[in-house]
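Below is the file final.pdb, which contains PDB, C-alpha atoms, pLDDT in the B column.
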ATOM      1  CA  MET A  23    -126.524  22.518   0.829  1.00 96.00           C
ATOM      2  CA  THR A  24    -129.131  23.314   3.423  1.00 96.00           C
ATOM      3  CA  TYR A  25    -129.378  24.594   6.982  1.00 95.00           C
ATOM      4  CA  LYS A  26    -131.276  24.024  10.208  1.00 95.00           C
ATOM      5  CA  LYS A  27    -133.883  26.198  11.889  1.00 90.00           C
ATOM      6  CA  ASN A  28    -134.481  25.455  15.554  1.00 91.00           C
ATOM      7  CA  GLY A  29    -132.589  22.196  15.173  1.00 93.00           C
ATOM      8  CA  LYS A  30    -134.604  21.014  12.161  1.00 95.00           C
ATOM      9  CA  TRP A  31    -133.654  20.922   8.490  1.00 96.00           C
ATOM     10  CA  ASN A  32    -135.129  23.613   6.264  1.00 93.00           C
ATOM     11  CA  GLU A  33    -138.509  22.400   4.954  1.00 92.00           C
ATOM     12  CA  SER A  34    -137.657  22.639   1.261  1.00 93.00           C
ATOM     13  CA  PHE A  35    -134.770  20.210   1.778  1.00 95.00           C
ATOM     14  CA  PHE A  36    -137.186  17.307   2.275  1.00 96.00           C
ATOM     15  CA  ILE A  37    -139.048  18.083  -0.956  1.00 96.00           C
ATOM     16  CA  SER A  38    -135.781  18.382  -2.893  1.00 96.00           C
ATOM     17  CA  LYS A  39    -134.321  15.248  -1.300  1.00 97.00           C
ATOM     18  CA  LYS A  40    -137.402  13.166  -2.082  1.00 97.00           C
ATOM     19  CA  ARG A  41    -137.378  14.283  -5.723  1.00 97.00           C
ATOM     20  CA  PHE A  42    -133.684  13.462  -6.188  1.00 98.00           C
ATOM     21  CA  GLN A  43    -134.156  10.060  -4.603  1.00 98.00           C
ATOM     22  CA  GLU A  44    -137.189   9.331  -6.785  1.00 97.00           C
ATOM     23  CA  LYS A  45    -134.994   9.958  -9.815  1.00 98.00           C
ATOM     24  CA  GLY A  46    -132.272   7.619  -8.529  1.00 98.00           C
ATOM     25  CA  TYR A  47    -129.757   9.935  -6.863  1.00 98.00           C
ATOM     26  CA  ASN A  48    -128.115   9.485  -3.467  1.00 96.00           C
ATOM     27  CA  VAL A  49    -128.577  12.493  -1.200  1.00 96.00           C
ATOM     28  CA  THR A  50    -126.571  13.632   1.819  1.00 95.00           C
ATOM     29  CA  PRO A  51    -127.335  16.968   3.528  1.00 96.00           C
ATOM     30  CA  ILE A  52    -124.476  19.341   4.293  1.00 96.00           C
ATOM     31  CA  GLU A  53    -125.370  21.824   6.991  1.00 97.00           C
ATOM     32  CA  GLY A  54    -124.611  25.400   6.061  1.00 97.00           C
ATOM     33  CA  TYR A  55    -124.735  28.638   7.998  1.00 97.00           C
ATOM     34  CA  ASN A  56    -127.952  29.831   9.622  1.00 95.00           C
ATOM     35  CA  LEU A  57    -127.924  33.602   9.157  1.00 94.00           C
ATOM     36  CA  LYS A  58    -129.726  34.243  12.441  1.00 92.00           C
ATOM     37  CA  GLN A  59    -126.877  32.525  14.243  1.00 94.00           C
ATOM     38  CA  HIS A  60    -124.242  34.337  12.159  1.00 96.00           C
ATOM     39  CA  PRO A  61    -125.241  38.017  11.920  1.00 95.00           C
ATOM     40  CA  GLU A  62    -121.737  38.850  10.647  1.00 97.00           C
ATOM     41  CA  ILE A  63    -122.565  37.099   7.353  1.00 97.00           C
ATOM     42  CA  LYS A  64    -124.383  39.177   4.757  1.00 96.00           C
ATOM     43  CA  PRO A  65    -127.303  37.392   3.052  1.00 94.00           C
ATOM     44  CA  ASN A  66    -125.647  37.613  -0.390  1.00 95.00           C
ATOM     45  CA  GLN A  67    -122.506  35.924   0.994  1.00 97.00           C
ATOM     46  CA  VAL A  68    -124.038  32.836   2.578  1.00 96.00           C
ATOM     47  CA  VAL A  69    -124.027  30.477  -0.447  1.00 96.00           C
ATOM     48  CA  TYR A  70    -120.425  31.424  -1.247  1.00 98.00           C
ATOM     49  CA  LEU A  71    -119.344  30.802   2.344  1.00 98.00           C
ATOM     50  CA  ASN A  72    -121.314  27.570   2.546  1.00 97.00           C
ATOM     51  CA  LEU A  73    -119.419  26.289  -0.487  1.00 97.00           C
ATOM     52  CA  ARG A  74    -116.034  27.431   0.832  1.00 97.00           C
ATOM     53  CA  ASP A  75    -116.394  26.583   4.521  1.00 97.00           C
ATOM     54  CA  LYS A  76    -118.845  23.683   4.589  1.00 96.00           C
ATOM     55  CA  VAL A  77    -119.119  21.842   1.281  1.00 94.00           C
ATOM     56  CA  ILE A  78    -115.462  21.658   0.207  1.00 94.00           C
ATOM     57  CA  PRO A  79    -114.126  20.507   3.622  1.00 93.00           C
ATOM     58  CA  TYR A  80    -116.855  17.865   3.724  1.00 91.00           C
ATOM     59  CA  LEU A  81    -116.004  16.610   0.230  1.00 89.00           C
ATOM     60  CA  ASN A  82    -112.279  16.556   0.959  1.00 88.00           C
ATOM     61  CA  ASN A  83    -112.968  13.988   3.674  1.00 87.00           C
ATOM     62  CA  LYS A  84    -115.041  11.757   1.405  1.00 85.00           C
ATOM     63  CA  ARG A  85    -114.123   9.195  -1.197  1.00 83.00           C
ATOM     64  CA  TYR A  86    -115.814   9.697  -4.551  1.00 84.00           C
ATOM     65  CA  GLY A  87    -114.999   9.230  -8.218  1.00 89.00           C
ATOM     66  CA  ASP A  88    -114.407  11.863 -10.896  1.00 92.00           C
ATOM     67  CA  GLY A  89    -116.521  14.446  -9.142  1.00 93.00           C
ATOM     68  CA  ILE A  90    -119.711  15.146  -7.272  1.00 94.00           C
ATOM     69  CA  LEU A  91    -123.024  16.973  -7.641  1.00 97.00           C
ATOM     70  CA  VAL A  92    -123.840  19.798  -5.238  1.00 97.00           C
ATOM     71  CA  ALA A  93    -127.443  21.003  -5.042  1.00 97.00           C
ATOM     72  CA  GLU A  94    -129.169  23.799  -3.178  1.00 96.00           C
ATOM     73  CA  ASP A  95    -132.125  22.786  -1.040  1.00 95.00           C
ATOM     74  CA  ASP A  96    -134.563  24.502  -3.412  1.00 95.00           C
ATOM     75  CA  ALA A  97    -133.590  22.279  -6.370  1.00 97.00           C
ATOM     76  CA  TYR A  98    -136.253  20.118  -8.027  1.00 97.00           C
ATOM     77  CA  VAL A  99    -134.980  18.070 -10.957  1.00 97.00           C
ATOM     78  CA  ALA A 100    -136.965  17.606 -14.160  1.00 97.00           C
ATOM     79  CA  ASP A 101    -138.406  14.186 -14.818  1.00 96.00           C
ATOM     80  CA  PHE A 102    -135.933  13.359 -17.616  1.00 97.00           C
ATOM     81  CA  LEU A 103    -132.850  14.304 -15.565  1.00 98.00           C
ATOM     82  CA  THR A 104    -132.023  10.775 -14.491  1.00 98.00           C
ATOM     83  CA  PRO A 105    -128.481   9.841 -13.385  1.00 98.00           C
ATOM     84  CA  SER A 106    -127.832   8.030 -16.671  1.00 98.00           C
ATOM     85  CA  PHE A 107    -129.060  10.978 -18.770  1.00 98.00           C
ATOM     86  CA  LEU A 108    -126.999  13.426 -16.746  1.00 98.00           C
ATOM     87  CA  LEU A 109    -123.861  11.274 -16.803  1.00 97.00           C
ATOM     88  CA  THR A 110    -124.006  11.182 -20.599  1.00 98.00           C
ATOM     89  CA  LYS A 111    -124.311  14.971 -20.692  1.00 98.00           C
ATOM     90  CA  LEU A 112    -121.431  15.420 -18.279  1.00 98.00           C
ATOM     91  CA  LYS A 113    -119.153  13.152 -20.290  1.00 97.00           C
ATOM     92  CA  GLU A 114    -119.947  15.203 -23.398  1.00 97.00           C
ATOM     93  CA  ASN A 115    -118.704  18.306 -21.569  1.00 97.00           C
ATOM     94  CA  ASN A 116    -115.275  17.256 -20.287  1.00 96.00           C
ATOM     95  CA  HIS A 117    -116.638  16.522 -16.823  1.00 97.00           C
ATOM     96  CA  THR A 118    -113.317  15.402 -15.323  1.00 96.00           C
ATOM     97  CA  GLU A 119    -111.870  18.886 -15.860  1.00 96.00           C
ATOM     98  CA  SER A 120    -114.807  21.328 -15.936  1.00 97.00           C
ATOM     99  CA  ILE A 121    -117.129  22.737 -13.317  1.00 98.00           C
ATOM    100  CA  ILE A 122    -120.531  22.378 -14.964  1.00 98.00           C
ATOM    101  CA  LYS A 123    -123.585  24.395 -13.962  1.00 98.00           C
ATOM    102  CA  ILE A 124    -126.535  22.080 -14.593  1.00 98.00           C
ATOM    103  CA  GLY A 125    -129.382  23.780 -12.784  1.00 98.00           C
ATOM    104  CA  TYR A 126    -129.704  27.543 -13.200  1.00 97.00           C
ATOM    105  CA  GLN A 127    -132.594  29.937 -13.754  1.00 94.00           C
ATOM    106  CA  LYS A 128    -131.488  32.293 -16.501  1.00 94.00           C
ATOM    107  CA  VAL A 129    -128.466  33.654 -18.320  1.00 95.00           C
ATOM    108  CA  LEU A 130    -128.268  37.403 -18.757  1.00 94.00           C
ATOM    109  CA  LYS A 131    -126.053  38.879 -21.454  1.00 90.00           C
ATOM    110  CA  HIS A 132    -123.522  41.037 -19.681  1.00 82.00           C
ATOM    111  CA  PRO A 133    -120.853  42.491 -22.016  1.00 74.00           C
ATOM    112  CA  LYS A 134    -119.356  44.820 -19.372  1.00 74.00           C
ATOM    113  CA  SER A 135    -115.694  44.323 -18.487  1.00 74.00           C
ATOM    114  CA  GLY A 136    -116.600  43.033 -15.030  1.00 78.00           C
ATOM    115  CA  TYR A 137    -118.089  39.943 -16.672  1.00 86.00           C
ATOM    116  CA  PRO A 138    -115.442  38.663 -19.105  1.00 91.00           C
ATOM    117  CA  ARG A 139    -117.503  35.586 -19.896  1.00 91.00           C
ATOM    118  CA  GLY A 140    -120.104  37.911 -21.411  1.00 91.00           C
ATOM    119  CA  TYR A 141    -122.920  36.698 -19.180  1.00 93.00           C
ATOM    120  CA  PHE A 142    -124.300  36.690 -15.664  1.00 94.00           C
ATOM    121  CA  CYS A 143    -125.796  33.306 -14.776  1.00 96.00           C
ATOM    122  CA  VAL A 144    -128.543  33.390 -12.160  1.00 95.00           C
ATOM    123  CA  GLY A 145    -129.053  30.312 -10.008  1.00 95.00           C
ATOM    124  CA  ASN A 146    -126.913  27.534  -8.545  1.00 96.00           C
ATOM    125  CA  GLN A 147    -129.528  24.838  -8.085  1.00 97.00           C
ATOM    126  CA  LEU A 148    -127.257  22.005  -9.254  1.00 98.00           C
ATOM    127  CA  ILE A 149    -123.526  22.096 -10.037  1.00 98.00           C
ATOM    128  CA  TRP A 150    -121.029  19.386 -10.964  1.00 98.00           C
ATOM    129  CA  PHE A 151    -117.640  19.795  -9.311  1.00 96.00           C
ATOM    130  CA  PRO A 152    -114.818  17.596 -10.670  1.00 95.00           C
ATOM    131  CA  ARG A 153    -112.307  16.263  -8.178  1.00 93.00           C
ATOM    132  CA  LYS A 154    -109.425  17.748 -10.195  1.00 93.00           C
ATOM    133  CA  GLN A 155    -110.790  21.291  -9.758  1.00 94.00           C
ATOM    134  CA  MET A 156    -111.503  21.071  -6.027  1.00 94.00           C
ATOM    135  CA  SER A 157    -108.192  22.413  -4.686  1.00 94.00           C
ATOM    136  CA  LYS A 158    -108.121  25.185  -7.291  1.00 97.00           C
ATOM    137  CA  LEU A 159    -111.730  26.089  -6.499  1.00 97.00           C
ATOM    138  CA  LYS A 160    -110.854  26.336  -2.797  1.00 96.00           C
ATOM    139  CA  SER A 161    -107.867  28.538  -3.624  1.00 97.00           C
ATOM    140  CA  GLU A 162    -109.958  30.889  -5.769  1.00 98.00           C
ATOM    141  CA  LEU A 163    -112.647  31.138  -3.096  1.00 98.00           C
ATOM    142  CA  ASP A 164    -110.040  31.811  -0.406  1.00 97.00           C
ATOM    143  CA  LYS A 165    -108.388  34.675  -2.251  1.00 97.00           C
ATOM    144  CA  SER A 166    -111.627  36.321  -3.360  1.00 97.00           C
ATOM    145  CA  LYS A 167    -113.936  38.422  -1.232  1.00 96.00           C
ATOM    146  CA  ALA A 168    -117.107  36.654  -0.085  1.00 97.00           C
ATOM    147  CA  GLN A 169    -119.829  37.626  -2.540  1.00 96.00           C
ATOM    148  CA  HIS A 170    -122.894  36.383  -4.353  1.00 95.00           C
ATOM    149  CA  LEU A 171    -121.921  32.981  -5.751  1.00 96.00           C
ATOM    150  CA  ASN A 172    -123.747  33.788  -8.998  1.00 95.00           C
ATOM    151  CA  GLY A 173    -121.354  36.680  -9.546  1.00 94.00           C
ATOM    152  CA  PHE A 174    -118.230  34.752  -8.588  1.00 96.00           C
ATOM    153  CA  LEU A 175    -118.953  31.883 -10.978  1.00 96.00           C
ATOM    154  CA  SER A 176    -119.883  34.342 -13.738  1.00 95.00           C
ATOM    155  CA  LYS A 177    -116.731  36.459 -13.393  1.00 93.00           C
ATOM    156  CA  ASN A 178    -113.927  34.092 -12.419  1.00 95.00           C
ATOM    157  CA  MET A 179    -111.746  33.214 -15.396  1.00 95.00           C
ATOM    158  CA  ASN A 180    -109.215  31.043 -13.564  1.00 96.00           C
ATOM    159  CA  LEU A 181    -111.671  28.178 -13.273  1.00 97.00           C
ATOM    160  CA  ASP A 182    -112.981  26.054 -16.147  1.00 97.00           C
ATOM    161  CA  ILE A 183    -116.736  26.681 -15.856  1.00 97.00           C
ATOM    162  CA  LYS A 184    -119.430  25.623 -18.313  1.00 97.00           C
ATOM    163  CA  LEU A 185    -123.183  26.123 -18.586  1.00 97.00           C
ATOM    164  CA  LEU A 186    -124.869  22.883 -19.563  1.00 98.00           C
ATOM    165  CA  ASP A 187    -127.054  23.061 -22.687  1.00 98.00           C
ATOM    166  CA  GLN A 188    -127.736  26.780 -22.449  1.00 95.00           C
ATOM    167  CA  GLU A 189    -129.905  26.996 -25.581  1.00 95.00           C
ATOM    168  CA  ARG A 190    -131.963  23.913 -24.760  1.00 96.00           C
ATOM    169  CA  GLN A 191    -132.608  25.105 -21.236  1.00 96.00           C
ATOM    170  CA  LYS A 192    -134.271  28.282 -22.460  1.00 93.00           C
ATOM    171  CA  LYS A 193    -137.356  26.118 -23.041  1.00 93.00           C
ATOM    172  CA  ASN A 194    -136.664  22.916 -21.115  1.00 95.00           C
ATOM    173  CA  LYS A 195    -135.135  23.477 -17.707  1.00 96.00           C
ATOM    174  CA  TYR A 196    -133.121  20.623 -16.257  1.00 98.00           C
ATOM    175  CA  VAL A 197    -133.669  21.795 -12.681  1.00 97.00           C
ATOM    176  CA  PHE A 198    -136.472  23.922 -11.301  1.00 96.00           C
ATOM    177  CA  GLU A 199    -136.259  26.283  -8.350  1.00 95.00           C
ATOM    178  CA  LEU A 200    -138.846  25.695  -5.623  1.00 94.00           C
ATOM    179  CA  GLU A 201    -140.779  28.729  -4.513  1.00 82.00           C
ATOM    180  CA  HIS A 202    -139.260  29.835  -1.213  1.00 46.00           C
ATOM    181  CA  ILE A 203    -138.363  32.737   1.041  1.00 55.00           C
ATOM    182  CA  SER A 204    -135.052  34.167  -0.142  1.00 52.00           C
ATOM    183  CA  THR A 205    -132.326  34.446   2.495  1.00 53.00           C
ATOM    184  CA  THR A 206    -130.865  37.287   0.424  1.00 51.00           C
ATOM    185  CA  THR A 207    -133.936  39.536   0.231  1.00 49.00           C
ATOM    186  CA  GLY A 208    -136.311  38.049   2.802  1.00 54.00           C
ATOM    187  CA  LYS A 209    -138.998  38.014   0.126  1.00 56.00           C
ATOM    188  CA  THR A 210    -140.738  35.137  -1.605  1.00 49.00           C
ATOM    189  CA  ARG A 211    -138.819  33.968  -4.664  1.00 50.00           C
ATOM    190  CA  LYS A 212    -141.283  32.859  -7.299  1.00 54.00           C
ATOM    191  CA  GLY A 213    -140.663  29.325  -8.469  1.00 52.00           C
ATOM    192  CA  LEU A 214    -142.138  25.873  -8.752  1.00 70.00           C
ATOM    193  CA  LYS A 215    -145.059  25.261  -6.411  1.00 65.00           C
ATOM    194  CA  ILE A 216    -145.406  21.661  -5.304  1.00 61.00           C
ATOM    195  CA  ASN A 217    -148.952  20.359  -5.538  1.00 59.00           C
ATOM    196  CA  LYS A 218    -150.762  17.462  -7.193  1.00 41.00           C
ATOM    197  CA  LYS A 219    -150.970  19.191 -10.568  1.00 39.00           C
ATOM    198  CA  THR A 220    -147.288  20.071 -10.487  1.00 44.00           C
ATOM    199  CA  LYS A 221    -146.278  16.506  -9.670  1.00 45.00           C
ATOM    200  CA  LYS A 222    -148.454  15.166 -12.468  1.00 40.00           C
ATOM    201  CA  ALA A 223    -147.022  17.682 -14.965  1.00 37.00           C
ATOM    202  CA  ASN A 224    -143.460  16.792 -14.027  1.00 43.00           C
ATOM    203  CA  ASN A 225    -144.021  13.068 -14.272  1.00 38.00           C
TER
END

Can you present the structure in this file as C-alpha coordinates?
Amino acid sequence: MTYKKNGKWNESFFISKKRFQEKGYNVTPIEGYNLKQHPEIKPNQVVYLNLRDKVIPYLNNKRYGDGILVAEDDAYVADFLTPSFLLTKLKENNHTESIIKIGYQKVLKHPKSGYPRGYFCVGNQLIWFPRKQMSKLKSELDKSKAQHLNGFLSKNMNLDIKLLDQERQKKNKYVFELEHISTTTGKTRKGLKINKKTKKANN
(Lines of atoms letter the chains of each structure in order from A and count residues from 1; the text may use other names and numbers.)
(Lines give C-alpha, C1' and ligand atoms only; values in the text may rest on other atoms or scores of the structure.)
Protein backbone atom coordinates (compact mmCIF):
# COMPACT_ATOMS: atom_id res chain seq x y z
CA MET A 1 0.00 0.00 0.00
CA THR A 2 1.43 3.32 -1.04
CA TYR A 3 0.34 6.55 -2.70
CA LYS A 4 1.51 9.13 -5.21
CA LYS A 5 2.63 12.71 -4.65
CA ASN A 6 2.60 14.91 -7.73
CA GLY A 7 2.23 11.82 -9.89
CA LYS A 8 5.18 9.99 -8.33
CA TRP A 9 5.21 7.11 -5.86
CA ASN A 10 6.03 7.96 -2.25
CA GLU A 11 9.82 7.81 -1.79
CA SER A 12 9.83 5.17 0.94
CA PHE A 13 8.04 2.75 -1.41
CA PHE A 14 11.19 2.32 -3.51
CA ILE A 15 13.31 1.49 -0.46
CA SER A 16 10.72 -1.00 0.80
CA LYS A 17 10.23 -2.53 -2.65
CA LYS A 18 13.96 -3.00 -3.20
CA ARG A 19 14.36 -4.71 0.18
CA PHE A 20 11.47 -7.12 -0.44
CA GLN A 21 12.82 -7.98 -3.86
CA GLU A 22 16.32 -8.55 -2.48
CA LYS A 23 14.82 -11.10 -0.10
CA GLY A 24 12.97 -12.88 -2.92
CA TYR A 25 9.45 -11.44 -2.79
CA ASN A 26 7.36 -10.20 -5.71
CA VAL A 27 6.11 -6.65 -5.22
CA THR A 28 3.18 -4.84 -6.82
CA PRO A 29 2.20 -1.32 -5.67
CA ILE A 30 -1.44 -0.58 -4.89
CA GLU A 31 -2.20 3.11 -5.03
CA GLY A 32 -4.02 4.39 -1.98
CA TYR A 33 -5.59 7.72 -1.13
CA ASN A 34 -3.53 10.91 -1.14
CA LEU A 35 -4.88 12.93 1.78
CA LYS A 36 -4.27 16.26 0.05
CA GLN A 37 -6.59 15.15 -2.72
CA HIS A 38 -9.15 13.76 -0.25
CA PRO A 39 -9.60 16.32 2.55
CA GLU A 40 -12.75 14.49 3.67
CA ILE A 41 -10.58 11.60 4.92
CA LYS A 42 -9.14 11.97 8.41
CA PRO A 43 -5.45 11.01 8.71
CA ASN A 44 -6.22 8.17 11.16
CA GLN A 45 -8.72 6.68 8.68
CA VAL A 46 -6.54 6.46 5.58
CA VAL A 47 -4.96 3.02 6.13
CA TYR A 48 -8.36 1.52 6.98
CA LEU A 49 -9.92 3.02 3.86
CA ASN A 50 -6.98 2.00 1.70
CA LEU A 51 -7.49 -1.60 2.80
CA ARG A 52 -11.26 -1.49 2.28
CA ASP A 53 -11.47 0.56 -0.92
CA LYS A 54 -8.19 -0.13 -2.70
CA VAL A 55 -6.48 -3.32 -1.56
CA ILE A 56 -9.44 -5.72 -1.30
CA PRO A 57 -10.99 -4.77 -4.68
CA TYR A 58 -7.57 -5.16 -6.29
CA LEU A 59 -7.05 -8.60 -4.73
CA ASN A 60 -10.53 -9.76 -5.68
CA ASN A 61 -9.57 -9.27 -9.33
CA LYS A 62 -6.34 -11.25 -9.01
CA ARG A 63 -5.59 -14.94 -9.00
CA TYR A 64 -3.49 -16.09 -6.07
CA GLY A 65 -3.19 -19.14 -3.84
CA ASP A 66 -4.10 -19.52 -0.17
CA GLY A 67 -3.59 -15.86 0.57
CA ILE A 68 -1.43 -12.82 0.04
CA LEU A 69 0.93 -10.50 1.91
CA VAL A 70 0.04 -6.82 2.21
CA ALA A 71 2.76 -4.39 3.27
CA GLU A 72 2.81 -0.69 4.04
CA ASP A 73 5.35 1.36 2.11
CA ASP A 74 7.43 1.92 5.25
CA ALA A 75 8.09 -1.82 5.75
CA TYR A 76 11.68 -3.09 5.73
CA VAL A 77 12.00 -6.83 6.29
CA ALA A 78 14.69 -8.36 8.48
CA ASP A 79 17.43 -10.29 6.76
CA PHE A 80 16.18 -13.70 7.94
CA LEU A 81 12.58 -13.10 6.79
CA THR A 82 12.93 -14.94 3.51
CA PRO A 83 9.86 -16.33 1.70
CA SER A 84 10.72 -19.88 2.75
CA PHE A 85 11.19 -18.90 6.41
CA LEU A 86 7.95 -16.95 6.43
CA LEU A 87 5.97 -19.67 4.66
CA THR A 88 7.01 -22.16 7.34
CA LYS A 89 5.87 -19.74 10.04
CA LEU A 90 2.56 -19.12 8.32
CA LYS A 91 1.85 -22.83 7.97
CA GLU A 92 2.50 -23.25 11.69
CA ASN A 93 -0.21 -20.67 12.38
CA ASN A 94 -3.18 -21.96 10.38
CA HIS A 95 -2.49 -19.56 7.53
CA THR A 96 -5.39 -20.70 5.33
CA GLU A 97 -7.88 -19.52 7.96
CA SER A 98 -6.15 -16.79 10.00
CA ILE A 99 -5.22 -13.20 9.33
CA ILE A 100 -1.65 -13.03 10.63
CA LYS A 101 0.09 -9.80 11.61
CA ILE A 102 3.76 -10.38 10.78
CA GLY A 103 5.24 -6.91 10.95
CA TYR A 104 4.20 -4.71 13.87
CA GLN A 105 6.01 -2.34 16.21
CA LYS A 106 4.77 -3.16 19.69
CA VAL A 107 1.97 -4.82 21.62
CA LEU A 108 0.47 -2.87 24.49
CA LYS A 109 -1.45 -4.68 27.21
CA HIS A 110 -4.94 -3.27 27.16
CA PRO A 111 -7.34 -5.05 29.56
CA LYS A 112 -10.18 -2.52 29.10
CA SER A 113 -13.48 -3.83 27.74
CA GLY A 114 -12.98 -1.97 24.46
CA TYR A 115 -10.09 -4.32 23.68
CA PRO A 116 -11.42 -7.85 24.27
CA ARG A 117 -8.22 -9.39 22.93
CA GLY A 118 -6.42 -7.82 25.89
CA TYR A 119 -3.96 -5.89 23.75
CA PHE A 120 -3.53 -2.99 21.36
CA CYS A 121 -1.12 -3.86 18.55
CA VAL A 122 0.71 -0.91 17.02
CA GLY A 123 1.83 -1.18 13.41
CA ASN A 124 0.62 -2.87 10.23
CA GLN A 125 3.88 -3.11 8.31
CA LEU A 126 3.19 -6.61 6.97
CA ILE A 127 0.00 -8.68 7.21
CA TRP A 128 -1.00 -12.04 5.75
CA PHE A 129 -4.57 -12.17 4.49
CA PRO A 130 -5.95 -15.64 3.66
CA ARG A 131 -8.28 -15.92 0.69
CA LYS A 132 -10.95 -17.57 2.85
CA GLN A 133 -11.17 -14.50 5.12
CA MET A 134 -11.32 -11.88 2.36
CA SER A 135 -15.10 -11.60 1.97
CA LYS A 136 -15.61 -11.62 5.74
CA LEU A 137 -12.91 -8.98 6.18
CA LYS A 138 -14.64 -6.78 3.59
CA SER A 139 -17.96 -7.25 5.39
CA GLU A 140 -16.48 -6.29 8.76
CA LEU A 141 -14.79 -3.23 7.30
CA ASP A 142 -18.00 -2.17 5.55
CA LYS A 143 -20.14 -2.32 8.68
CA SER A 144 -17.60 -0.63 10.94
CA LYS A 145 -16.82 3.06 11.10
CA ALA A 146 -13.58 4.09 9.39
CA GLN A 147 -10.94 4.26 12.11
CA HIS A 148 -7.30 3.62 12.88
CA LEU A 149 -6.56 0.18 11.44
CA ASN A 150 -4.48 -0.66 14.52
CA GLY A 151 -7.59 -0.26 16.65
CA PHE A 152 -9.88 -2.18 14.31
CA LEU A 153 -7.59 -5.21 14.13
CA SER A 154 -7.05 -5.09 17.90
CA LYS A 155 -10.75 -4.92 18.78
CA ASN A 156 -12.59 -6.96 16.16
CA MET A 157 -13.52 -10.39 17.47
CA ASN A 158 -15.39 -11.63 14.39
CA LEU A 159 -12.18 -12.15 12.47
CA ASP A 160 -9.53 -14.79 13.21
CA ILE A 161 -6.47 -12.59 13.83
CA LYS A 162 -3.09 -13.69 15.15
CA LEU A 163 0.15 -11.94 16.08
CA LEU A 164 3.11 -13.86 14.73
CA ASP A 165 5.73 -14.85 17.33
CA GLN A 166 4.87 -12.10 19.78
CA GLU A 167 7.46 -13.08 22.41
CA ARG A 168 10.28 -13.56 19.92
CA GLN A 169 9.59 -10.24 18.27
CA LYS A 170 10.16 -8.35 21.51
CA LYS A 171 13.88 -8.74 20.76
CA ASN A 172 14.03 -9.76 17.10
CA LYS A 173 11.65 -7.84 14.88
CA TYR A 174 10.59 -9.53 11.66
CA VAL A 175 9.81 -6.22 9.96
CA PHE A 176 11.20 -2.79 10.72
CA GLU A 177 9.43 0.52 10.20
CA LEU A 178 11.33 3.06 8.11
CA GLU A 179 11.66 6.50 9.60
CA HIS A 180 9.11 8.69 7.83
CA ILE A 181 6.69 11.58 8.11
CA SER A 182 3.45 10.26 9.60
CA THR A 183 0.29 10.99 7.61
CA THR A 184 -1.61 10.76 10.90
CA THR A 185 0.33 13.35 12.91
CA GLY A 186 2.43 15.14 10.28
CA LYS A 187 5.47 14.53 12.46
CA THR A 188 8.52 12.36 11.91
CA ARG A 189 7.95 8.80 13.11
CA LYS A 190 11.19 7.45 14.49
CA GLY A 191 12.25 4.23 12.84
CA LEU A 192 14.94 2.54 10.82
CA LYS A 193 17.25 4.96 9.03
CA ILE A 194 18.66 3.60 5.79
CA ASN A 195 22.39 4.17 5.44
CA LYS A 196 25.49 2.08 4.82
CA LYS A 197 25.81 1.02 8.46
CA THR A 198 22.16 0.03 8.62
CA LYS A 199 22.41 -2.08 5.48
CA LYS A 200 25.52 -3.80 6.79
CA ALA A 201 23.86 -4.50 10.17
CA ASN A 202 20.79 -5.97 8.51
CA ASN A 203 22.76 -8.20 6.18

Could you tell me which residues the PyMOL selection byres ((chain A and resi 54) around 7) returns for this structure, as a list in words?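 What the PyMOL selection byres ((chain A and resi 54) around 7) grabs from the file is Met23, Thr24, Tyr25, Ile52, Glu53, Tyr55, Asn56, Asn72 and Lys76 of chain A.
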
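Relative to atom CA of A:Ser120, atom CA of A:Pro65 is found at 27.8 Å.
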
What do you get, as a PyMOL selection string, if you spell out every residue that the PyMOL selection byres ((chain A and resi 91) around 9) selects here? chain A and resi 89-90+92-93+148-152

Please measure the separation of atom CA of A:Gly46 and atom CA of A:Leu175, giving the value in Å to one decimal.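 Going from atom CA of A:Gly46 over to atom CA of A:Leu175, I get 27.8 Å.
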
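For the atom pair formed by atom CA of A:Ile63 and atom CA of A:Cys143, the distance is 22.7 Å, given to one decimal.
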
Give me the result of the PyMOL selection byres ((chain A and resi 123) around 7) on this file, residue by residue, as JSON, numbers by chain. {"A": [121, 122, 124, 125, 126, 148, 149, 150, 184, 185, 186]}

Cut-off 12 Å: closest stretch 76-134 of chain A/stretch 166-173 of chain A atom pairs per residue, using only C-alpha atoms, as JSON lines:
{"residue": "A:Glu94", "atom": "CA", "partner": "A:Leu171", "partner_atom": "CA", "distance": 12.0}
{"residue": "A:Lys123", "atom": "CA", "partner": "A:Asn172", "partner_atom": "CA", "distance": 10.6}
{"residue": "A:Tyr126", "atom": "CA", "partner": "A:Asn172", "partner_atom": "CA", "distance": 9.6}
{"residue": "A:Gln127", "atom": "CA", "partner": "A:Asn172", "partner_atom": "CA", "distance": 10.8}
{"residue": "A:Lys128", "atom": "CA", "partner": "A:Asn172", "partner_atom": "CA", "distance": 10.9}
{"residue": "A:Val129", "atom": "CA", "partner": "A:Asn172", "partner_atom": "CA", "distance": 10.4}
{"residue": "A:Leu130", "atom": "CA", "partner": "A:Asn172", "partner_atom": "CA", "distance": 11.3}
{"residue": "A:His132", "atom": "CA", "partner": "A:Gly173", "partner_atom": "CA", "distance": 11.2}

Can you list, as a PyMOL selection string, every protein, DNA or RNA residue that comes within 6 Å of stretch 191-199 of chain A when you count all atoms listed in the file, leaving out same-chain residues fewer than 5 positions away? chain A and resi 96-100+125+213-214

Would you mind listing what lies within 12 Å of A:Ser161 as an MDAnalysis selection string, with all atoms listed in the file counted and same-chain residues fewer than 3 positions away left out? chainID A and resid 74:75 78 155:158 164:167 180:181

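Proximity of A:Lys177, A:Glu114, A:Leu163, A:Leu73 to A:Asn146, computed with only C-alpha atoms, is greatest for A:Leu73.
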
Axis-aligned box for stretch 144-148 of chain A, 4 Å per side, centre and edges in Å as JSON:
{"center_x": -128.2, "center_y": 27.7, "center_z": -10.1, "size_x": 10.6, "size_y": 19.4, "size_z": 12.1}
